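> My structure is in data-v4.json, and what it holds is JSON, C-alpha atoms:
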```json
[["chain", "number", "residue", "atom", "x", "y", "z"],
["D", 1, "MET", "CA", 56.74, 41.84, -9.35],
["D", 2, "PHE", "CA", 58.57, 40.82, -12.52],
["D", 3, "ALA", "CA", 60.52, 37.57, -12.53],
["D", 4, "GLN", "CA", 64.26, 37.95, -11.95],
["D", 5, "SER", "CA", 64.99, 37.03, -15.56],
["D", 6, "LEU", "CA", 63.00, 40.10, -16.62],
["D", 7, "GLN", "CA", 64.76, 42.53, -14.29],
["D", 8, "ASP", "CA", 67.61, 44.84, -15.20],
["D", 9, "LYS", "CA", 70.73, 44.46, -13.09],
["D", 10, "LEU", "CA", 72.60, 47.51, -11.84],
["D", 11, "ALA", "CA", 76.10, 47.99, -10.41],
["D", 12, "LEU", "CA", 78.19, 50.78, -8.99],
["D", 13, "THR", "CA", 80.68, 52.37, -11.35],
["D", 14, "ALA", "CA", 83.62, 54.67, -10.59],
["D", 15, "ILE", "CA", 86.40, 56.23, -12.61],
["D", 16, "ASN", "CA", 89.25, 58.70, -12.25],
["D", 17, "SER", "CA", 88.03, 61.40, -14.62],
["D", 18, "ILE", "CA", 91.55, 62.79, -15.12],
["D", 19, "ASN", "CA", 93.38, 59.66, -16.32],
["D", 20, "GLY", "CA", 90.50, 57.22, -16.90],
["D", 21, "GLN", "CA", 91.66, 54.79, -14.18],
["D", 22, "ASN", "CA", 89.07, 52.22, -13.09],
["D", 23, "LEU", "CA", 88.33, 52.69, -9.36],
["D", 24, "LEU", "CA", 85.85, 49.82, -8.92],
["D", 25, "SER", "CA", 88.28, 47.56, -7.04],
["D", 26, "ARG", "CA", 88.33, 50.11, -4.24],
["D", 27, "LEU", "CA", 84.58, 50.09, -3.68],
["D", 28, "PRO", "CA", 83.66, 47.29, -1.21],
["D", 29, "LEU", "CA", 79.96, 47.68, -2.05],
["D", 30, "ASN", "CA", 80.37, 47.15, -5.79],
["D", 31, "ASP", "CA", 77.62, 44.84, -7.14],
["D", 32, "GLN", "CA", 76.48, 43.65, -3.71],
["D", 33, "PRO", "CA", 73.40, 41.39, -3.43],
["D", 34, "LEU", "CA", 71.89, 43.78, -0.87],
["D", 35, "TYR", "CA", 70.66, 45.89, -3.76],
["D", 36, "GLY", "CA", 67.42, 44.94, -5.45],
["D", 37, "TRP", "CA", 64.06, 45.78, -6.88],
["D", 38, "TYR", "CA", 61.27, 46.46, -4.44],
["D", 39, "GLU", "CA", 57.55, 46.19, -5.01],
["D", 40, "THR", "CA", 56.69, 49.27, -2.96],
["D", 41, "LEU", "CA", 57.19, 52.91, -3.83],
["D", 42, "ASN", "CA", 58.10, 55.63, -1.34],
["D", 43, "GLY", "CA", 54.41, 56.24, -0.70],
["D", 44, "GLY", "CA", 53.89, 52.62, 0.32],
["D", 45, "GLU", "CA", 51.74, 51.52, -2.61],
["D", 46, "VAL", "CA", 52.54, 48.21, -4.27],
["D", 47, "THR", "CA", 53.30, 48.22, -7.99],
["D", 48, "GLN", "CA", 54.41, 45.74, -10.62],
["D", 49, "ARG", "CA", 55.23, 48.33, -13.25],
["D", 50, "ASN", "CA", 57.14, 51.09, -11.48],
["D", 51, "ALA", "CA", 59.29, 49.13, -9.04],
["D", 52, "GLN", "CA", 62.19, 51.12, -7.61],
["D", 53, "TYR", "CA", 65.75, 49.91, -7.25],
["D", 54, "ASP", "CA", 66.67, 50.46, -3.61],
["D", 55, "VAL", "CA", 70.26, 51.01, -2.45],
["D", 56, "GLN", "CA", 70.66, 51.04, 1.33],
["D", 57, "ASP", "CA", 74.01, 51.94, 2.83],
["D", 58, "ASP", "CA", 74.89, 54.17, 5.76],
["D", 59, "ASP", "CA", 78.66, 53.98, 5.32],
["D", 60, "PHE", "CA", 79.79, 54.36, 1.70],
["D", 61, "GLN", "CA", 83.46, 53.34, 1.75],
["D", 62, "PHE", "CA", 86.49, 53.63, -0.51],
["D", 63, "TYR", "CA", 89.52, 51.39, 0.07],
["D", 64, "LYS", "CA", 92.99, 52.87, 0.49],
["D", 65, "GLN", "CA", 95.54, 52.09, -2.22],
["D", 66, "GLU", "CA", 97.51, 49.02, -1.11],
["D", 67, "ILE", "CA", 101.21, 48.46, -1.85],
["D", 68, "THR", "CA", 103.66, 45.61, -1.21],
["D", 69, "ASN", "CA", 105.66, 45.86, 2.01],
["D", 70, "VAL", "CA", 109.29, 44.80, 1.47],
["D", 71, "HIS", "CA", 109.81, 44.13, 5.21],
["D", 72, "ASN", "CA", 106.87, 41.83, 5.96],
["D", 73, "SER", "CA", 103.45, 40.70, 4.73],
["D", 74, "GLU", "CA", 101.43, 43.22, 6.74],
["D", 75, "TYR", "CA", 98.78, 45.34, 5.04],
["D", 76, "THR", "CA", 100.41, 48.56, 3.82],
["D", 77, "SER", "CA", 98.74, 51.53, 2.16],
["D", 78, "THR", "CA", 100.07, 54.57, 0.36],
["D", 79, "PRO", "CA", 98.45, 58.01, 0.12],
["D", 80, "ASP", "CA", 96.65, 59.14, -3.01],
["D", 81, "GLY", "CA", 93.73, 61.38, -3.88],
["D", 82, "PRO", "CA", 91.74, 63.09, -2.57],
["D", 83, "TYR", "CA", 88.89, 61.97, -4.83],
["D", 84, "ASP", "CA", 85.94, 64.30, -5.30],
["D", 85, "SER", "CA", 83.88, 65.92, -8.05],
["D", 86, "THR", "CA", 86.98, 67.61, -9.49],
["D", 87, "ASN", "CA", 88.82, 64.42, -10.45],
["D", 88, "ALA", "CA", 86.49, 61.41, -10.13],
["D", 89, "LYS", "CA", 83.01, 60.22, -11.01],
["D", 90, "PHE", "CA", 80.97, 57.75, -8.94],
["D", 91, "GLY", "CA", 77.63, 56.48, -10.13],
["D", 92, "ILE", "CA", 75.55, 53.51, -11.26],
["D", 93, "ALA", "CA", 75.24, 51.59, -14.53],
["D", 94, "VAL", "CA", 72.83, 49.06, -16.01],
["D", 95, "ILE", "CA", 74.96, 45.96, -16.61],
["D", 96, "LYS", "CA", 72.15, 43.60, -17.62],
["D", 97, "LYS", "CA", 69.59, 45.18, -19.94],
["D", 98, "VAL", "CA", 66.21, 43.55, -20.55],
["D", 99, "ASP", "CA", 64.48, 44.78, -23.72],
["D", 100, "ASP", "CA", 67.20, 47.48, -23.95],
["D", 101, "VAL", "CA", 65.84, 49.27, -20.86],
["D", 102, "ASP", "CA", 68.47, 51.79, -19.75],
["D", 103, "PHE", "CA", 68.86, 55.28, -18.32],
["D", 104, "ASP", "CA", 67.50, 58.14, -20.41],
["D", 105, "PHE", "CA", 70.61, 60.11, -21.33],
["D", 106, "THR", "CA", 68.69, 62.59, -23.48],
["D", 107, "GLY", "CA", 69.89, 66.13, -22.87],
["D", 108, "LEU", "CA", 72.60, 65.07, -20.43],
["D", 109, "ASP", "CA", 76.09, 66.49, -20.69],
["D", 110, "ALA", "CA", 78.92, 64.08, -21.47],
["D", 111, "SER", "CA", 80.40, 64.83, -18.03],
["D", 112, "ASP", "CA", 77.33, 63.18, -16.44],
["D", 113, "LYS", "CA", 78.17, 59.83, -18.06],
["D", 114, "ILE", "CA", 80.64, 57.18, -16.89],
["D", 115, "THR", "CA", 82.01, 54.96, -19.65],
["D", 116, "LEU", "CA", 83.51, 51.84, -18.09],
["D", 117, "ASP", "CA", 83.27, 48.04, -17.97],
["D", 118, "ALA", "CA", 81.34, 48.02, -14.68],
["D", 119, "ASP", "CA", 81.05, 44.24, -14.25],
["D", 120, "GLY", "CA", 84.26, 42.97, -15.85],
["D", 121, "ASP", "CA", 82.58, 41.06, -18.69],
["D", 122, "GLY", "CA", 84.55, 42.85, -21.40],
["D", 123, "THR", "CA", 81.61, 45.02, -22.47],
["D", 124, "VAL", "CA", 81.74, 48.78, -21.98],
["D", 125, "ASP", "CA", 78.82, 50.09, -19.92],
["D", 126, "ILE", "CA", 77.59, 53.67, -19.87],
["D", 127, "GLY", "CA", 76.65, 54.70, -16.36],
["D", 128, "LEU", "CA", 75.12, 57.79, -14.82],
["D", 129, "LYS", "CA", 77.05, 59.67, -12.14],
["D", 130, "PHE", "CA", 75.43, 60.48, -8.81],
["D", 131, "THR", "CA", 74.00, 63.98, -8.44],
["D", 132, "LEU", "CA", 76.05, 64.41, -5.25],
["D", 133, "GLN", "CA", 79.61, 63.10, -5.42],
["D", 134, "PRO", "CA", 81.49, 61.70, -2.39],
["D", 135, "ASP", "CA", 84.61, 63.34, -0.99],
["D", 136, "PHE", "CA", 87.17, 60.60, -0.24],
["D", 137, "ARG", "CA", 90.38, 61.57, 1.59],
["D", 138, "TYR", "CA", 93.34, 59.46, 2.68],
["D", 139, "GLY", "CA", 93.50, 60.10, 6.42],
["D", 140, "ARG", "CA", 95.53, 59.23, 9.48],
["D", 141, "MET", "CA", 95.69, 60.01, 13.19],
["D", 142, "THR", "CA", 99.01, 61.29, 14.50],
["D", 143, "LEU", "CA", 100.59, 61.87, 17.91],
["D", 144, "ASP", "CA", 103.49, 64.28, 18.39],
["D", 145, "SER", "CA", 106.67, 62.95, 20.02],
["D", 146, "VAL", "CA", 107.41, 64.98, 23.16],
["D", 147, "SER", "CA", 109.69, 65.15, 26.20],
["D", 148, "GLY", "CA", 109.37, 66.31, 29.78],
["D", 149, "SER", "CA", 110.19, 65.58, 33.40],
["D", 150, "ILE", "CA", 110.26, 62.05, 34.81],
["D", 151, "GLY", "CA", 106.90, 60.80, 35.98],
["D", 152, "GLY", "CA", 104.95, 63.26, 33.86],
["D", 153, "PRO", "CA", 102.23, 63.92, 32.96],
["D", 154, "ILE", "CA", 103.42, 65.20, 29.59],
["D", 155, "GLN", "CA", 100.97, 66.60, 27.05],
["D", 156, "VAL", "CA", 100.85, 64.62, 23.79],
["D", 157, "PRO", "CA", 99.22, 66.63, 20.97],
["D", 158, "LEU", "CA", 96.85, 64.56, 18.81],
["D", 159, "ARG", "CA", 95.64, 65.41, 15.30],
["D", 160, "THR", "CA", 93.75, 63.86, 12.43],
["D", 161, "GLU", "CA", 95.20, 64.68, 9.02],
["D", 162, "PHE", "CA", 94.47, 64.00, 5.37],
["D", 163, "TRP", "CA", 96.57, 63.92, 2.23],
["D", 164, "ASP", "CA", 95.74, 66.91, -0.01],
["D", 165, "GLY", "CA", 97.72, 65.59, -2.98],
["D", 166, "GLU", "CA", 101.04, 67.09, -1.91],
["D", 167, "SER", "CA", 101.29, 66.91, 1.89],
["D", 168, "TYR", "CA", 99.37, 66.08, 5.06],
["D", 169, "ILE", "CA", 97.26, 68.83, 6.56],
["D", 170, "SER", "CA", 95.13, 68.96, 9.69],
["D", 171, "ASN", "CA", 91.54, 67.92, 9.00],
["D", 172, "SER", "CA", 89.53, 70.79, 10.45],
["D", 173, "ASP", "CA", 86.34, 69.14, 9.09],
["D", 174, "ASP", "CA", 86.79, 66.24, 11.53],
["D", 175, "SER", "CA", 85.01, 66.39, 14.88],
["D", 176, "GLY", "CA", 84.02, 62.74, 14.90],
["D", 177, "SER", "CA", 87.19, 60.61, 15.01],
["D", 178, "GLN", "CA", 87.47, 58.93, 18.41],
["D", 179, "PHE", "CA", 90.10, 57.49, 20.74],
["D", 180, "ILE", "CA", 90.31, 55.81, 24.15],
["D", 181, "THR", "CA", 93.56, 56.61, 25.97],
["D", 182, "LYS", "CA", 93.46, 53.53, 28.22],
["D", 183, "GLU", "CA", 93.78, 51.35, 25.12],
["D", 184, "TYR", "CA", 97.49, 51.62, 24.40],
["D", 185, "CYS", "CA", 100.72, 49.60, 24.34],
["D", 186, "GLY", "CA", 104.38, 50.50, 24.29],
["D", 187, "LEU", "CA", 108.01, 49.83, 23.37],
["D", 188, "SER", "CA", 110.66, 51.05, 25.80],
["D", 189, "ASN", "CA", 114.41, 51.01, 26.46],
["D", 190, "LEU", "CA", 113.49, 50.06, 30.05],
["D", 191, "SER", "CA", 112.58, 46.44, 30.75],
["D", 192, "ASN", "CA", 110.35, 47.49, 33.65],
["D", 193, "SER", "CA", 108.73, 50.49, 31.98],
["D", 194, "ASP", "CA", 105.25, 51.30, 33.28],
["D", 195, "ALA", "CA", 104.61, 54.36, 31.12],
["D", 196, "TYR", "CA", 101.01, 54.80, 30.06],
["D", 197, "LEU", "CA", 98.57, 57.09, 28.28],
["D", 198, "THR", "CA", 95.72, 58.90, 30.01],
["D", 199, "ASP", "CA", 93.68, 62.06, 29.49],
["D", 200, "THR", "CA", 92.77, 65.18, 31.41],
["D", 201, "VAL", "CA", 89.09, 64.23, 31.44],
["D", 202, "ASN", "CA", 90.10, 61.34, 33.74],
["D", 203, "THR", "CA", 87.40, 59.02, 32.46],
["D", 204, "ASN", "CA", 89.58, 56.88, 30.17],
["D", 205, "GLY", "CA", 86.41, 56.64, 28.12],
["D", 206, "LYS", "CA", 85.76, 57.38, 24.46],
["D", 207, "GLN", "CA", 86.82, 60.88, 23.42],
["D", 208, "ALA", "CA", 86.67, 62.71, 20.08],
["D", 209, "VAL", "CA", 88.75, 65.27, 18.26],
["D", 210, "ASN", "CA", 87.43, 68.80, 17.81],
["D", 211, "LEU", "CA", 88.14, 70.36, 14.40],
["D", 212, "GLY", "CA", 90.79, 67.71, 13.84],
["D", 213, "LYS", "CA", 92.68, 68.18, 17.12],
["D", 214, "SER", "CA", 92.75, 67.20, 20.79],
["D", 215, "ASP", "CA", 94.90, 68.53, 23.63],
["D", 216, "ILE", "CA", 93.71, 66.19, 26.41],
["D", 217, "VAL", "CA", 96.10, 63.24, 25.87],
["D", 218, "ARG", "CA", 98.83, 62.80, 28.47],
["D", 219, "ALA", "CA", 101.76, 60.39, 28.94],
["D", 220, "ALA", "CA", 102.87, 59.49, 32.46],
["D", 221, "GLN", "CA", 104.73, 56.88, 34.54],
["D", 222, "THR", "CA", 103.60, 54.94, 37.58],
["D", 223, "THR", "CA", 107.25, 54.67, 38.68],
["D", 224, "SER", "CA", 109.19, 57.85, 37.91],
["D", 225, "GLN", "CA", 112.39, 56.98, 36.06],
["D", 226, "ARG", "CA", 114.54, 58.31, 33.27],
["D", 227, "GLY", "CA", 114.00, 56.69, 29.87],
["D", 228, "PHE", "CA", 112.02, 56.77, 26.67],
["D", 229, "VAL", "CA", 109.09, 54.83, 25.34],
["D", 230, "ARG", "CA", 107.02, 54.64, 22.17],
["D", 231, "LEU", "CA", 103.33, 54.55, 23.10],
["D", 232, "PHE", "CA", 100.73, 53.37, 20.57],
["D", 233, "LEU", "CA", 97.11, 54.56, 20.74],
["D", 234, "ARG", "CA", 94.71, 51.87, 19.54],
["D", 235, "GLN", "CA", 92.81, 52.36, 16.29],
["D", 236, "GLY", "CA", 92.93, 48.91, 14.69],
["D", 237, "ILE", "CA", 93.38, 45.27, 15.68],
["D", 238, "THR", "CA", 96.88, 44.59, 14.34],
["D", 239, "GLN", "CA", 99.75, 44.18, 16.78],
["D", 240, "PRO", "CA", 102.45, 46.83, 16.28],
["D", 241, "GLU", "CA", 105.83, 45.34, 15.34],
["D", 242, "GLY", "CA", 107.91, 44.58, 18.43],
["D", 243, "THR", "CA", 105.03, 44.72, 20.92],
["D", 244, "MET", "CA", 103.10, 42.02, 22.75],
["D", 245, "CYS", "CA", 99.69, 43.66, 22.74],
["D", 246, "SER", "CA", 96.59, 43.30, 20.62],
["D", 247, "TRP", "CA", 92.92, 44.22, 20.82],
["D", 248, "PRO", "CA", 89.74, 42.23, 20.18],
["D", 249, "ASN", "CA", 88.23, 44.73, 17.80],
["D", 250, "GLY", "CA", 89.34, 47.81, 15.92],
["D", 251, "THR", "CA", 87.40, 51.02, 15.89],
["D", 252, "GLN", "CA", 88.94, 53.15, 13.13],
["D", 253, "PRO", "CA", 91.58, 51.18, 11.18],
["D", 254, "TRP", "CA", 91.39, 53.74, 8.36],
["D", 255, "LEU", "CA", 93.32, 56.12, 10.66],
["D", 256, "GLN", "CA", 96.33, 53.79, 10.83],
["D", 257, "PHE", "CA", 99.45, 54.57, 8.80],
["D", 258, "ASN", "CA", 102.75, 52.99, 7.73],
["D", 259, "TRP", "CA", 104.77, 54.94, 10.29],
["D", 260, "ARG", "CA", 107.84, 52.67, 10.59],
["D", 261, "ASP", "CA", 107.81, 50.73, 7.29],
["D", 262, "PHE", "CA", 106.31, 47.69, 9.05],
["D", 263, "GLY", "CA", 102.84, 48.16, 7.57],
["D", 264, "ASP", "CA", 99.89, 50.25, 8.66],
["D", 265, "GLU", "CA", 99.75, 50.50, 12.44],
["D", 266, "ASP", "CA", 98.30, 52.64, 15.21],
["D", 267, "PRO", "CA", 99.42, 56.23, 15.76],
["D", 268, "SER", "CA", 102.30, 56.46, 18.23],
["D", 269, "ALA", "CA", 104.58, 58.96, 19.94],
["D", 270, "VAL", "CA", 108.08, 58.68, 21.39],
["D", 271, "ILE", "CA", 108.02, 60.06, 24.93],
["D", 272, "ILE", "CA", 111.29, 61.01, 26.65],
["D", 273, "PHE", "CA", 110.97, 61.11, 30.43],
["D", 274, "GLY", "CA", 113.71, 63.05, 32.21],
["D", 275, "ALA", "CA", 114.62, 65.45, 29.42],
["D", 276, "TYR", "CA", 115.03, 68.25, 31.95],
["D", 277, "ARG", "CA", 117.68, 67.71, 34.64],
["D", 278, "GLY", "CA", 119.59, 70.88, 35.35],
["D", 279, "ASN", "CA", 122.71, 71.34, 33.24],
["D", 280, "ASP", "CA", 123.39, 67.64, 32.65],
["D", 281, "ARG", "CA", 124.01, 66.72, 29.06],
["D", 282, "ILE", "CA", 122.06, 63.54, 28.41],
["D", 283, "ILE", "CA", 122.18, 61.97, 24.95],
["D", 284, "TYR", "CA", 119.89, 59.02, 24.28],
["D", 285, "ARG", "CA", 120.93, 56.33, 21.83],
["D", 286, "GLY", "CA", 118.26, 55.45, 19.27],
["D", 287, "GLU", "CA", 116.85, 51.96, 19.78],
["D", 288, "PRO", "CA", 115.74, 49.86, 16.76],
["D", 289, "ASN", "CA", 111.99, 50.15, 16.06],
["D", 290, "LEU", "CA", 111.66, 52.70, 18.85],
["D", 291, "VAL", "CA", 113.00, 56.10, 17.82],
["D", 292, "SER", "CA", 114.84, 55.33, 14.58],
["D", 293, "HIS", "CA", 111.74, 55.81, 12.39]]
```
When written as structure tokens, how does the structure in this file appear?


Amino acid sequence: MFAQSLQDKLALTAINSINGQNLLSRLPLNDQPLYGWYETLNGGEVTQRNAQYDVQDDDFQFYKQEITNVHNSEYTSTPDGPYDSTNAKFGIAVIKKVDDVDFDFTGLDASDKITLDADGDGTVDIGLKFTLQPDFRYGRMTLDSVSGSIGGPIQVPLRTEFWDGESYISNSDDSGSQFITKEYCGLSNLSNSDAYLTDTVNTNGKQAVNLGKSDIVRAAQTTSQRGFVRLFLRQGITQPEGTMCSWPNGTQPWLQFNWRDFGDEDPSAVIIFGAYRGNDRIIYRGEPNLVSH
């Protein structure tokens, strides 16, 4: 194996191919020490001349675009993208060349190259884009606000969506996002509210969406009473503004969203219990942080 001083150094490189924007700050794996030269080839034989550079990652990630929240200091993202082969290029570049060893760009089209300062040293590097490009989408999980009789159960439609560049659409490619209905918390106009989330499977265990949707979520009350409540379904570890609940670990924080201008938080739904009561005309007053956003 060659000494480290004689080894080329590689780094991830990424660019918006439409406007030339550098996307490296949104790649958590950029220039990680987990990458390195190995002495063995795929066949298992040891070599000191044809070492391969091995990149091992089962979860290639792309950070959301963060913005400043004018209401508090909580993490807040804003939708952009999607990023795929039509508007972005992700690849790898040699940022430290020994004896001018670099990729062989002979015969390659200009669209296969990524021209960018990949390591921030002020020198432009020419990288090679991956043969297969990732498809990054800004996503969120959403619950519909609903109403029904006191006590419930009331069906709460659940969807996963992604930003297509103009609006949010249901993600029919998603049959993997998960949720656990027993992990919830709420805000209510009733001081003694005992509203809760459950599901029709009655396991309160881990469930998953099917083609971006689920119809098994239900809202109910232990004590039947008229009122409304905002119920949050856990996805991250942050405590929703105005609540007194938190969780030890988050499962899918990338599905949180800035629903109420308090920063990215779990998906939630406003549930009105007692919406149907004969011919009575009941008008609920919006409570701050509850139904006003």

> Would you work out the distance separating atom CA of D:Glu74 from atom CA of D:Arg218, expressed in Å to one decimal?

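So the answer is 29.4 Å.
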
> For D:Trp254, which residue among D:Thr76, D:Asn16, D:Asn87, D:Gln221 is the nearest when counting all atoms listed in the file?

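Counting all atoms listed in the file, the residue closest to D:Trp254 is D:Thr76.
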
> Suppose you want the space between atom CA of D:Lys64 and atom CA of D:Val146; what is it in Å?

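Going from atom CA of D:Lys64 over to atom CA of D:Val146, I get 29.5 Å.
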
> When you count only C-alpha atoms, which of these residues is closest to D:Arg230: D:Thr251, D:Ser268, D:Thr200, D:Thr181?

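Comparing D:Thr251, D:Ser268, D:Thr200, D:Thr181 against D:Arg230, the winner is D:Ser268.
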
> So which one's closest to D:Pro82, D:Ser172, D:Gln65, D:Thr223, D:Thr160? Using all atoms listed in the file, please.

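Using all atoms listed in the file, D:Pro82 sits closest to D:Gln65.
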
> Residues within 12 Å of D:Tyr168, please, as a ChimeraX atom specification. Count all atoms listed in the file; anything in the same chain fewer than 2 positions from it doesn't count.

/D:79-82,137-142,159-166,170-171

> Measure the distance from atom CA of D:Ser73 to atom CA of D:Leu231 in Å and round it to one decimal.

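Between these atoms lies a distance of 23.0 Å.
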